[in-house]
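Chemist: Dropping in coords.cif, which is mmCIF, C-alpha atoms:
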data_structure
loop_
_atom_site.group_PDB
_atom_site.id
_atom_site.type_symbol
_atom_site.label_atom_id
_atom_site.label_comp_id
_atom_site.auth_asym_id
_atom_site.auth_seq_id
_atom_site.Cartn_x
_atom_site.Cartn_y
_atom_site.Cartn_z
ATOM 1 C CA MET P 12 14.097 183.689 420.271
ATOM 2 C CA ARG P 13 14.894 183.914 416.575
ATOM 3 C CA GLN P 14 18.322 182.491 415.759
ATOM 4 C CA THR P 15 20.400 184.784 413.546
ATOM 5 C CA LYS P 16 23.967 184.526 412.252
ATOM 6 C CA GLN P 17 25.054 187.090 414.870
ATOM 7 C CA LYS P 18 23.393 185.187 417.720
ATOM 8 C CA THR P 19 25.040 181.983 416.531
ATOM 9 C CA ILE P 20 28.472 183.650 416.650
ATOM 10 C CA ILE P 21 27.790 185.084 420.122
ATOM 11 C CA GLN P 22 26.508 181.732 421.393
ATOM 12 C CA ASP P 23 29.563 179.959 419.989
ATOM 13 C CA GLU P 24 31.857 182.297 421.944
ATOM 14 C CA LEU P 25 29.712 181.957 425.085
ATOM 15 C CA SER P 26 30.039 178.179 424.955
ATOM 16 C CA LYS P 27 33.838 178.538 425.250
ATOM 17 C CA ILE P 28 33.686 180.652 428.424
ATOM 18 C CA LYS P 29 33.958 178.677 431.670
ATOM 19 C CA THR P 30 34.218 181.559 434.168
ATOM 20 C CA PHE P 31 32.709 184.968 434.902
ATOM 21 C CA PHE P 32 32.872 187.425 432.006
ATOM 22 C CA SER P 33 31.859 190.960 431.097
ATOM 23 C CA ALA P 34 29.844 192.030 428.080
ATOM 24 C CA GLU P 35 32.899 193.956 426.905
ATOM 25 C CA ALA P 36 35.126 190.851 427.087
ATOM 26 C CA LEU P 37 32.556 188.859 425.105
ATOM 27 C CA PHE P 38 32.322 191.712 422.591
ATOM 28 C CA GLU P 39 36.118 191.641 422.073
ATOM 29 C CA LYS P 40 35.959 187.918 421.237
ATOM 30 C CA VAL P 41 32.900 188.228 418.994
ATOM 31 C CA LYS P 42 34.112 191.191 416.946
ATOM 32 C CA LYS P 43 37.112 189.115 415.834
ATOM 33 C CA LYS P 44 34.630 186.807 414.089
ATOM 34 C CA ASP P 45 32.225 189.480 412.802
ATOM 35 C CA LYS P 46 33.190 193.148 412.941
ATOM 36 C CA ASP P 47 29.575 194.179 412.245
ATOM 37 C CA ILE P 48 28.304 192.931 415.620
ATOM 38 C CA GLY P 49 27.973 195.878 417.981
ATOM 39 C CA ILE P 50 28.108 196.046 421.752
ATOM 40 C CA ALA P 51 24.362 196.832 421.855
ATOM 41 C CA THR P 52 23.688 193.479 420.174
ATOM 42 C CA ILE P 53 25.774 191.758 422.846
ATOM 43 C CA TYR P 54 23.811 193.430 425.654
ATOM 44 C CA ARG P 55 20.434 192.637 424.042
ATOM 45 C CA TYR P 56 21.400 188.986 423.602
ATOM 46 C CA LEU P 57 22.728 188.687 427.158
ATOM 47 C CA ASN P 58 19.492 190.204 428.508
ATOM 48 C CA GLU P 59 17.458 187.663 426.515
ATOM 49 C CA LEU P 60 19.546 184.830 427.970
ATOM 50 C CA ILE P 61 19.091 186.192 431.501
ATOM 51 C CA LYS P 62 15.299 186.259 431.050
ATOM 52 C CA GLU P 63 15.452 182.638 429.873
ATOM 53 C CA LYS P 64 17.722 181.762 432.846
ATOM 54 C CA LYS P 65 20.422 180.487 430.508
ATOM 55 C CA ILE P 66 23.010 182.860 431.973
ATOM 56 C CA PHE P 67 23.185 184.757 435.261
ATOM 57 C CA SER P 68 24.352 188.252 436.148
ATOM 58 C CA TYR P 69 26.201 189.564 439.187
ATOM 59 C CA ILE P 70 27.598 192.908 440.280
ATOM 60 C CA CYS P 71 31.385 193.001 440.619
ATOM 61 C CA ASP P 72 33.202 196.234 441.400
ATOM 62 C CA ARG P 73 30.073 198.214 440.372
ATOM 63 C CA ARG P 74 30.006 196.460 436.973
ATOM 64 C CA THR P 75 27.761 193.704 435.713
ATOM 65 C CA ILE P 76 29.441 190.403 435.047
ATOM 66 C CA TYR P 77 27.865 187.241 433.701
ATOM 67 C CA SER P 78 28.200 183.511 434.168
ATOM 68 C CA THR P 79 26.820 180.496 432.373
ATOM 69 C CA ASN P 80 26.707 178.735 435.760
ATOM 70 C CA ASN P 81 24.261 179.644 438.481
ATOM 71 C CA SER P 82 26.947 179.797 441.142
ATOM 72 C CA SER P 83 27.917 182.016 443.999
ATOM 73 C CA HIS P 84 29.896 185.193 443.602
ATOM 74 C CA CYS P 85 31.814 186.266 446.696
ATOM 75 C CA HIS P 86 34.296 189.057 447.360
ATOM 76 C CA PHE P 87 36.539 190.052 450.208
ATOM 77 C CA ILE P 88 37.400 193.751 449.915
ATOM 78 C CA CYS P 89 40.388 195.123 451.808
ATOM 79 C CA GLU P 90 39.348 198.458 453.312
ATOM 80 C CA GLU P 91 42.964 199.671 453.343
ATOM 81 C CA THR P 92 43.860 199.073 449.687
ATOM 82 C CA GLY P 93 40.522 198.408 447.991
ATOM 83 C CA THR P 94 41.860 195.097 446.692
ATOM 84 C CA VAL P 95 39.070 192.707 445.717
ATOM 85 C CA ILE P 96 39.704 189.007 446.307
ATOM 86 C CA HIS P 97 37.249 186.447 444.914
ATOM 87 C CA PHE P 98 36.482 183.431 447.093
ATOM 88 C CA ASP P 99 34.055 180.507 447.176
ATOM 89 C CA ILE P 100 31.631 179.382 449.862
ATOM 90 C CA ASN P 101 30.555 175.764 449.812
ATOM 91 C CA SER P 102 27.715 175.953 452.331
ATOM 92 C CA LEU P 103 25.074 178.426 453.390
ATOM 93 C CA ASP P 104 23.657 176.201 456.116
ATOM 94 C CA PHE P 105 23.832 179.092 458.579
ATOM 95 C CA LEU P 106 21.245 180.969 456.468
ATOM 96 C CA LYS P 107 18.724 178.185 455.910
ATOM 97 C CA ASN P 108 16.570 179.130 458.921
ATOM 98 C CA LYS P 109 16.689 182.841 458.033
ATOM 99 C CA ILE P 110 15.674 182.670 454.355
ATOM 100 C CA PRO P 111 11.962 182.133 453.558
ATOM 101 C CA GLY P 112 12.682 179.942 450.514
ATOM 102 C CA ASP P 113 15.322 177.944 448.687
ATOM 103 C CA ILE P 114 18.673 179.514 447.831
ATOM 104 C CA THR P 115 19.702 178.948 444.200
ATOM 105 C CA SER P 116 22.622 181.394 444.022
ATOM 106 C CA PHE P 117 24.024 184.315 445.955
ATOM 107 C CA GLN P 118 26.357 187.261 445.839
ATOM 108 C CA LEU P 119 28.326 188.192 448.947
ATOM 109 C CA GLU P 120 30.625 191.092 449.734
ATOM 110 C CA VAL P 121 32.760 190.991 452.880
ATOM 111 C CA LYS P 122 34.908 193.978 453.902
ATOM 112 C CA GLY P 123 37.856 194.030 456.256
ATOM 113 C CA MET P 124 41.619 194.233 456.381
ATOM 114 C CA CYS P 125 43.626 191.710 454.398
ATOM 115 C CA ARG P 126 46.462 189.759 456.030
ATOM 116 C CA GLN P 127 49.142 191.811 454.261
ATOM 117 C CA CYS P 128 47.780 195.122 455.552
ATOM 118 C CA LYS P 129 47.237 193.686 459.014
ATOM 119 C CA GLU P 130 50.937 192.755 459.379
#
Would you mind writing the file out in structure tokens?
Modeler:
Amino acid sequence: MRQTKQKTIIQDELSKIKTFFSAEALFEKVKKKDKDIGIATIYRYLNELIKEKKIFSYICDRRTIYSTNNSSHCHFICEETGTVIHFDINSLDFLKNKIPGDITSFQLEVKGMCRQCKE
């Protein structure tokens, strides 16, 4: 991948992000440094990084989000209010005998009624 001034600016902003992010959020940070960088450039660069396995993408609330870490992405969705609560899972041992390969990351969506709505 050819390194340009725009890619350097985008990469600099990416290196500061330690959590999940959207292309739009990255774009907002980048355009403060160079107003000539467009959202299409952000998407092209993110897609290049995904192909190179330098970042990872997940679906969150029907939108693509990205992470520099190959980690899990889990949601609990309250069926009463639609509230989405992010949570972590430390072990997938219960799946090891069901998956025909090694798990490197996962995305999980669990639906139900939250404690507040249940009361």
Chemist: If I take atom CA of P:Ala36 and atom CA of P:His84, how far is one from the other in Å, to one decimal?
Modeler: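 Computed distance, atom CA of P:Ala36 to atom CA of P:His84, equals 18.2 Å.
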Chemist: Any chance you could resolve the PyMOL selection byres ((chain P and resi 20) around 10) against this file and give the residues as a ChimeraX atom specification?
Modeler: /P:15-19,21-25,40-42,44-45,48
Chemist: In the coordinates of the file, take the point (32.5, 181.6, 429.8) and a cut-off of 12 Å; then, counting all atoms listed in the file, name each qualifying protein, DNA or RNA residue as a VMD selection string.
Modeler: chain P and resid 21 to 34 36 to 37 40 66 to 67 76 to 80
Chemist: So which residues touch P:Thr94 within 12 Å, counting all atoms listed in the file, skipping near sequence neighbours fewer than 2 positions away, as a ChimeraX atom specification?
Modeler: /P:72,86-92,96-97,121-128
Chemist: Pick out the closest residue to P:Gln118 from this set: P:Glu130, P:Glu59, P:Asp99, P:Glu35. Count all atoms listed in the file.
Modeler: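 Among the listed residues, P:Asp99 lies closest to P:Gln118.
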Chemist: For atom CA of P:Ile114 and atom CA of P:Gly93, quote the distance in Å rounded to one decimal.
Modeler: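 Separation between atom CA of P:Ile114 and atom CA of P:Gly93: 28.9 Å.
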Chemist: Which one is closest to P:Ile50: P:Lys129, P:Phe38, P:Asp104, P:Ser83? Count all atoms listed in the file.
Modeler: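 Checking each of P:Lys129, P:Phe38, P:Asp104, P:Ser83 against P:Ile50, counting all atoms listed in the file, the winner is P:Phe38.
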Chemist: May I ask which of the residues P:Glu120, P:Glu39, P:Asp113, P:Glu63 is the closest one to P:Cys85, counting only C-alpha atoms?
Modeler: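 Selected residue with least distance to P:Cys85: P:Glu120.
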Chemist: Rank P:Lys43, P:Leu106, P:Val95, P:Ile61 by their smallest atom-to-atom distance to P:Asn81, using all atoms listed in the file, and report the top residue only.
Modeler: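 Among P:Lys43, P:Leu106, P:Val95, P:Ile61, it is P:Ile61 that comes nearest to P:Asn81.
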Chemist: Which of these, P:Ala51, P:Leu119, P:Ile70, P:Leu57, has the shortest distance to P:Ile100 once you count only C-alpha atoms?
Modeler: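 Ranked by minimum distance to P:Ile100, first place goes to P:Leu119.
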Chemist: To one decimal place, how far is atom CA of P:Arg74 from atom CA of P:Thr115 in Å?
Modeler: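 Atom CA of P:Thr115 lies 21.6 Å from atom CA of P:Arg74.
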Chemist: Given the choices P:Thr52, P:Asn58, P:Gln14, P:Asn101, which gets closest to P:Phe117 if the distance is worked out from only C-alpha atoms?
Modeler: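 Under the stated criterion, the closest residue is P:Asn101.
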Chemist: Just add N, CA and C atoms to stretch 57-91 of chain P and send it as a PDB file, in the frame of the given file.
Modeler:
ATOM      1  N   LEU P  57      22.513 189.091 425.765  1.00  0.00           N
ATOM      2  CA  LEU P  57      22.728 188.687 427.158  1.00  0.00           C
ATOM      3  C   LEU P  57      21.453 188.873 427.985  1.00  0.00           C
ATOM      4  N   ASN P  58      20.747 189.971 427.782  1.00  0.00           N
ATOM      5  CA  ASN P  58      19.492 190.204 428.508  1.00  0.00           C
ATOM      6  C   ASN P  58      18.436 189.158 428.166  1.00  0.00           C
ATOM      7  N   GLU P  59      18.381 188.744 426.902  1.00  0.00           N
ATOM      8  CA  GLU P  59      17.458 187.663 426.515  1.00  0.00           C
ATOM      9  C   GLU P  59      17.806 186.373 427.244  1.00  0.00           C
ATOM     10  N   LEU P  60      19.110 186.061 427.300  1.00  0.00           N
ATOM     11  CA  LEU P  60      19.546 184.830 427.970  1.00  0.00           C
ATOM     12  C   LEU P  60      19.281 184.878 429.473  1.00  0.00           C
ATOM     13  N   ILE P  61      19.404 186.044 430.070  1.00  0.00           N
ATOM     14  CA  ILE P  61      19.091 186.192 431.501  1.00  0.00           C
ATOM     15  C   ILE P  61      17.617 185.912 431.742  1.00  0.00           C
ATOM     16  N   LYS P  62      16.750 186.485 430.909  1.00  0.00           N
ATOM     17  CA  LYS P  62      15.299 186.259 431.050  1.00  0.00           C
ATOM     18  C   LYS P  62      14.956 184.777 430.932  1.00  0.00           C
ATOM     19  N   GLU P  63      15.686 184.072 430.078  1.00  0.00           N
ATOM     20  CA  GLU P  63      15.452 182.638 429.873  1.00  0.00           C
ATOM     21  C   GLU P  63      16.205 181.778 430.896  1.00  0.00           C
ATOM     22  N   LYS P  64      16.931 182.433 431.807  1.00  0.00           N
ATOM     23  CA  LYS P  64      17.722 181.762 432.846  1.00  0.00           C
ATOM     24  C   LYS P  64      18.786 180.826 432.253  1.00  0.00           C
ATOM     25  N   LYS P  65      19.334 181.245 431.126  1.00  0.00           N
ATOM     26  CA  LYS P  65      20.422 180.487 430.508  1.00  0.00           C
ATOM     27  C   LYS P  65      21.782 181.023 430.931  1.00  0.00           C
ATOM     28  N   ILE P  66      21.828 182.286 431.351  1.00  0.00           N
ATOM     29  CA  ILE P  66      23.010 182.860 431.973  1.00  0.00           C
ATOM     30  C   ILE P  66      22.540 183.657 433.189  1.00  0.00           C
ATOM     31  N   PHE P  67      23.499 184.069 434.015  1.00  0.00           N
ATOM     32  CA  PHE P  67      23.185 184.757 435.261  1.00  0.00           C
ATOM     33  C   PHE P  67      24.081 185.979 435.393  1.00  0.00           C
ATOM     34  N   SER P  68      23.561 187.036 436.009  1.00  0.00           N
ATOM     35  CA  SER P  68      24.352 188.252 436.148  1.00  0.00           C
ATOM     36  C   SER P  68      24.615 188.552 437.616  1.00  0.00           C
ATOM     37  N   TYR P  69      25.748 189.191 437.852  1.00  0.00           N
ATOM     38  CA  TYR P  69      26.201 189.564 439.187  1.00  0.00           C
ATOM     39  C   TYR P  69      26.829 190.952 439.102  1.00  0.00           C
ATOM     40  N   ILE P  70      26.911 191.629 440.230  1.00  0.00           N
ATOM     41  CA  ILE P  70      27.598 192.908 440.280  1.00  0.00           C
ATOM     42  C   ILE P  70      28.986 192.672 440.868  1.00  0.00           C
ATOM     43  N   CYS P  71      29.995 193.163 440.178  1.00  0.00           N
ATOM     44  CA  CYS P  71      31.385 193.001 440.619  1.00  0.00           C
ATOM     45  C   CYS P  71      32.087 194.336 440.399  1.00  0.00           C
ATOM     46  N   ASP P  72      32.511 194.955 441.487  1.00  0.00           N
ATOM     47  CA  ASP P  72      33.202 196.234 441.400  1.00  0.00           C
ATOM     48  C   ASP P  72      32.352 197.253 440.627  1.00  0.00           C
ATOM     49  N   ARG P  73      31.071 197.298 440.956  1.00  0.00           N
ATOM     50  CA  ARG P  73      30.073 198.214 440.372  1.00  0.00           C
ATOM     51  C   ARG P  73      29.857 197.984 438.872  1.00  0.00           C
ATOM     52  N   ARG P  74      30.232 196.817 438.375  1.00  0.00           N
ATOM     53  CA  ARG P  74      30.006 196.460 436.973  1.00  0.00           C
ATOM     54  C   ARG P  74      29.267 195.140 436.915  1.00  0.00           C
ATOM     55  N   THR P  75      28.475 194.962 435.892  1.00  0.00           N
ATOM     56  CA  THR P  75      27.761 193.704 435.713  1.00  0.00           C
ATOM     57  C   THR P  75      28.689 192.697 435.051  1.00  0.00           C
ATOM     58  N   ILE P  76      28.735 191.521 435.658  1.00  0.00           N
ATOM     59  CA  ILE P  76      29.441 190.403 435.047  1.00  0.00           C
ATOM     60  C   ILE P  76      28.439 189.263 434.874  1.00  0.00           C
ATOM     61  N   TYR P  77      28.775 188.316 434.046  1.00  0.00           N
ATOM     62  CA  TYR P  77      27.865 187.241 433.701  1.00  0.00           C
ATOM     63  C   TYR P  77      28.543 185.893 433.918  1.00  0.00           C
ATOM     64  N   SER P  78      27.706 184.871 434.041  1.00  0.00           N
ATOM     65  CA  SER P  78      28.200 183.511 434.168  1.00  0.00           C
ATOM     66  C   SER P  78      27.197 182.560 433.533  1.00  0.00           C
ATOM     67  N   THR P  79      27.711 181.515 432.922  1.00  0.00           N
ATOM     68  CA  THR P  79      26.820 180.496 432.373  1.00  0.00           C
ATOM     69  C   THR P  79      26.392 179.520 433.461  1.00  0.00           C
ATOM     70  N   ASN P  80      27.056 179.587 434.619  1.00  0.00           N
ATOM     71  CA  ASN P  80      26.707 178.735 435.760  1.00  0.00           C
ATOM     72  C   ASN P  80      25.993 179.554 436.821  1.00  0.00           C
ATOM     73  N   ASN P  81      24.990 178.988 437.402  1.00  0.00           N
ATOM     74  CA  ASN P  81      24.261 179.644 438.481  1.00  0.00           C
ATOM     75  C   ASN P  81      25.006 179.351 439.784  1.00  0.00           C
ATOM     76  N   SER P  82      26.092 180.071 439.988  1.00  0.00           N
ATOM     77  CA  SER P  82      26.947 179.797 441.142  1.00  0.00           C
ATOM     78  C   SER P  82      27.047 181.034 442.015  1.00  0.00           C
ATOM     79  N   SER P  83      27.746 180.900 443.095  1.00  0.00           N
ATOM     80  CA  SER P  83      27.917 182.016 443.999  1.00  0.00           C
ATOM     81  C   SER P  83      28.987 182.968 443.468  1.00  0.00           C
ATOM     82  N   HIS P  84      28.896 184.201 443.953  1.00  0.00           N
ATOM     83  CA  HIS P  84      29.896 185.193 443.602  1.00  0.00           C
ATOM     84  C   HIS P  84      30.230 185.946 444.874  1.00  0.00           C
ATOM     85  N   CYS P  85      31.428 185.706 445.400  1.00  0.00           N
ATOM     86  CA  CYS P  85      31.814 186.266 446.696  1.00  0.00           C
ATOM     87  C   CYS P  85      33.096 187.077 446.582  1.00  0.00           C
ATOM     88  N   HIS P  86      33.125 188.193 447.320  1.00  0.00           N
ATOM     89  CA  HIS P  86      34.296 189.057 447.360  1.00  0.00           C
ATOM     90  C   HIS P  86      34.709 189.340 448.791  1.00  0.00           C
ATOM     91  N   PHE P  87      35.996 189.431 449.004  1.00  0.00           N
ATOM     92  CA  PHE P  87      36.539 190.052 450.208  1.00  0.00           C
ATOM     93  C   PHE P  87      37.208 191.328 449.723  1.00  0.00           C
ATOM     94  N   ILE P  88      36.847 192.466 450.324  1.00  0.00           N
ATOM     95  CA  ILE P  88      37.400 193.751 449.915  1.00  0.00           C
ATOM     96  C   ILE P  88      38.229 194.308 451.062  1.00  0.00           C
ATOM     97  N   CYS P  89      39.510 194.539 450.806  1.00  0.00           N
ATOM     98  CA  CYS P  89      40.388 195.123 451.808  1.00  0.00           C
ATOM     99  C   CYS P  89      40.057 196.609 451.914  1.00  0.00           C
ATOM    100  N   GLU P  90      39.713 197.052 453.105  1.00  0.00           N
ATOM    101  CA  GLU P  90      39.348 198.458 453.312  1.00  0.00           C
ATOM    102  C   GLU P  90      40.551 199.395 453.260  1.00  0.00           C
ATOM    103  N   GLU P  91      41.753 198.842 453.406  1.00  0.00           N
ATOM    104  CA  GLU P  91      42.964 199.671 453.343  1.00  0.00           C
ATOM    105  C   GLU P  91      43.361 199.964 451.899  1.00  0.00           C
TER     106      GLU P  91
END
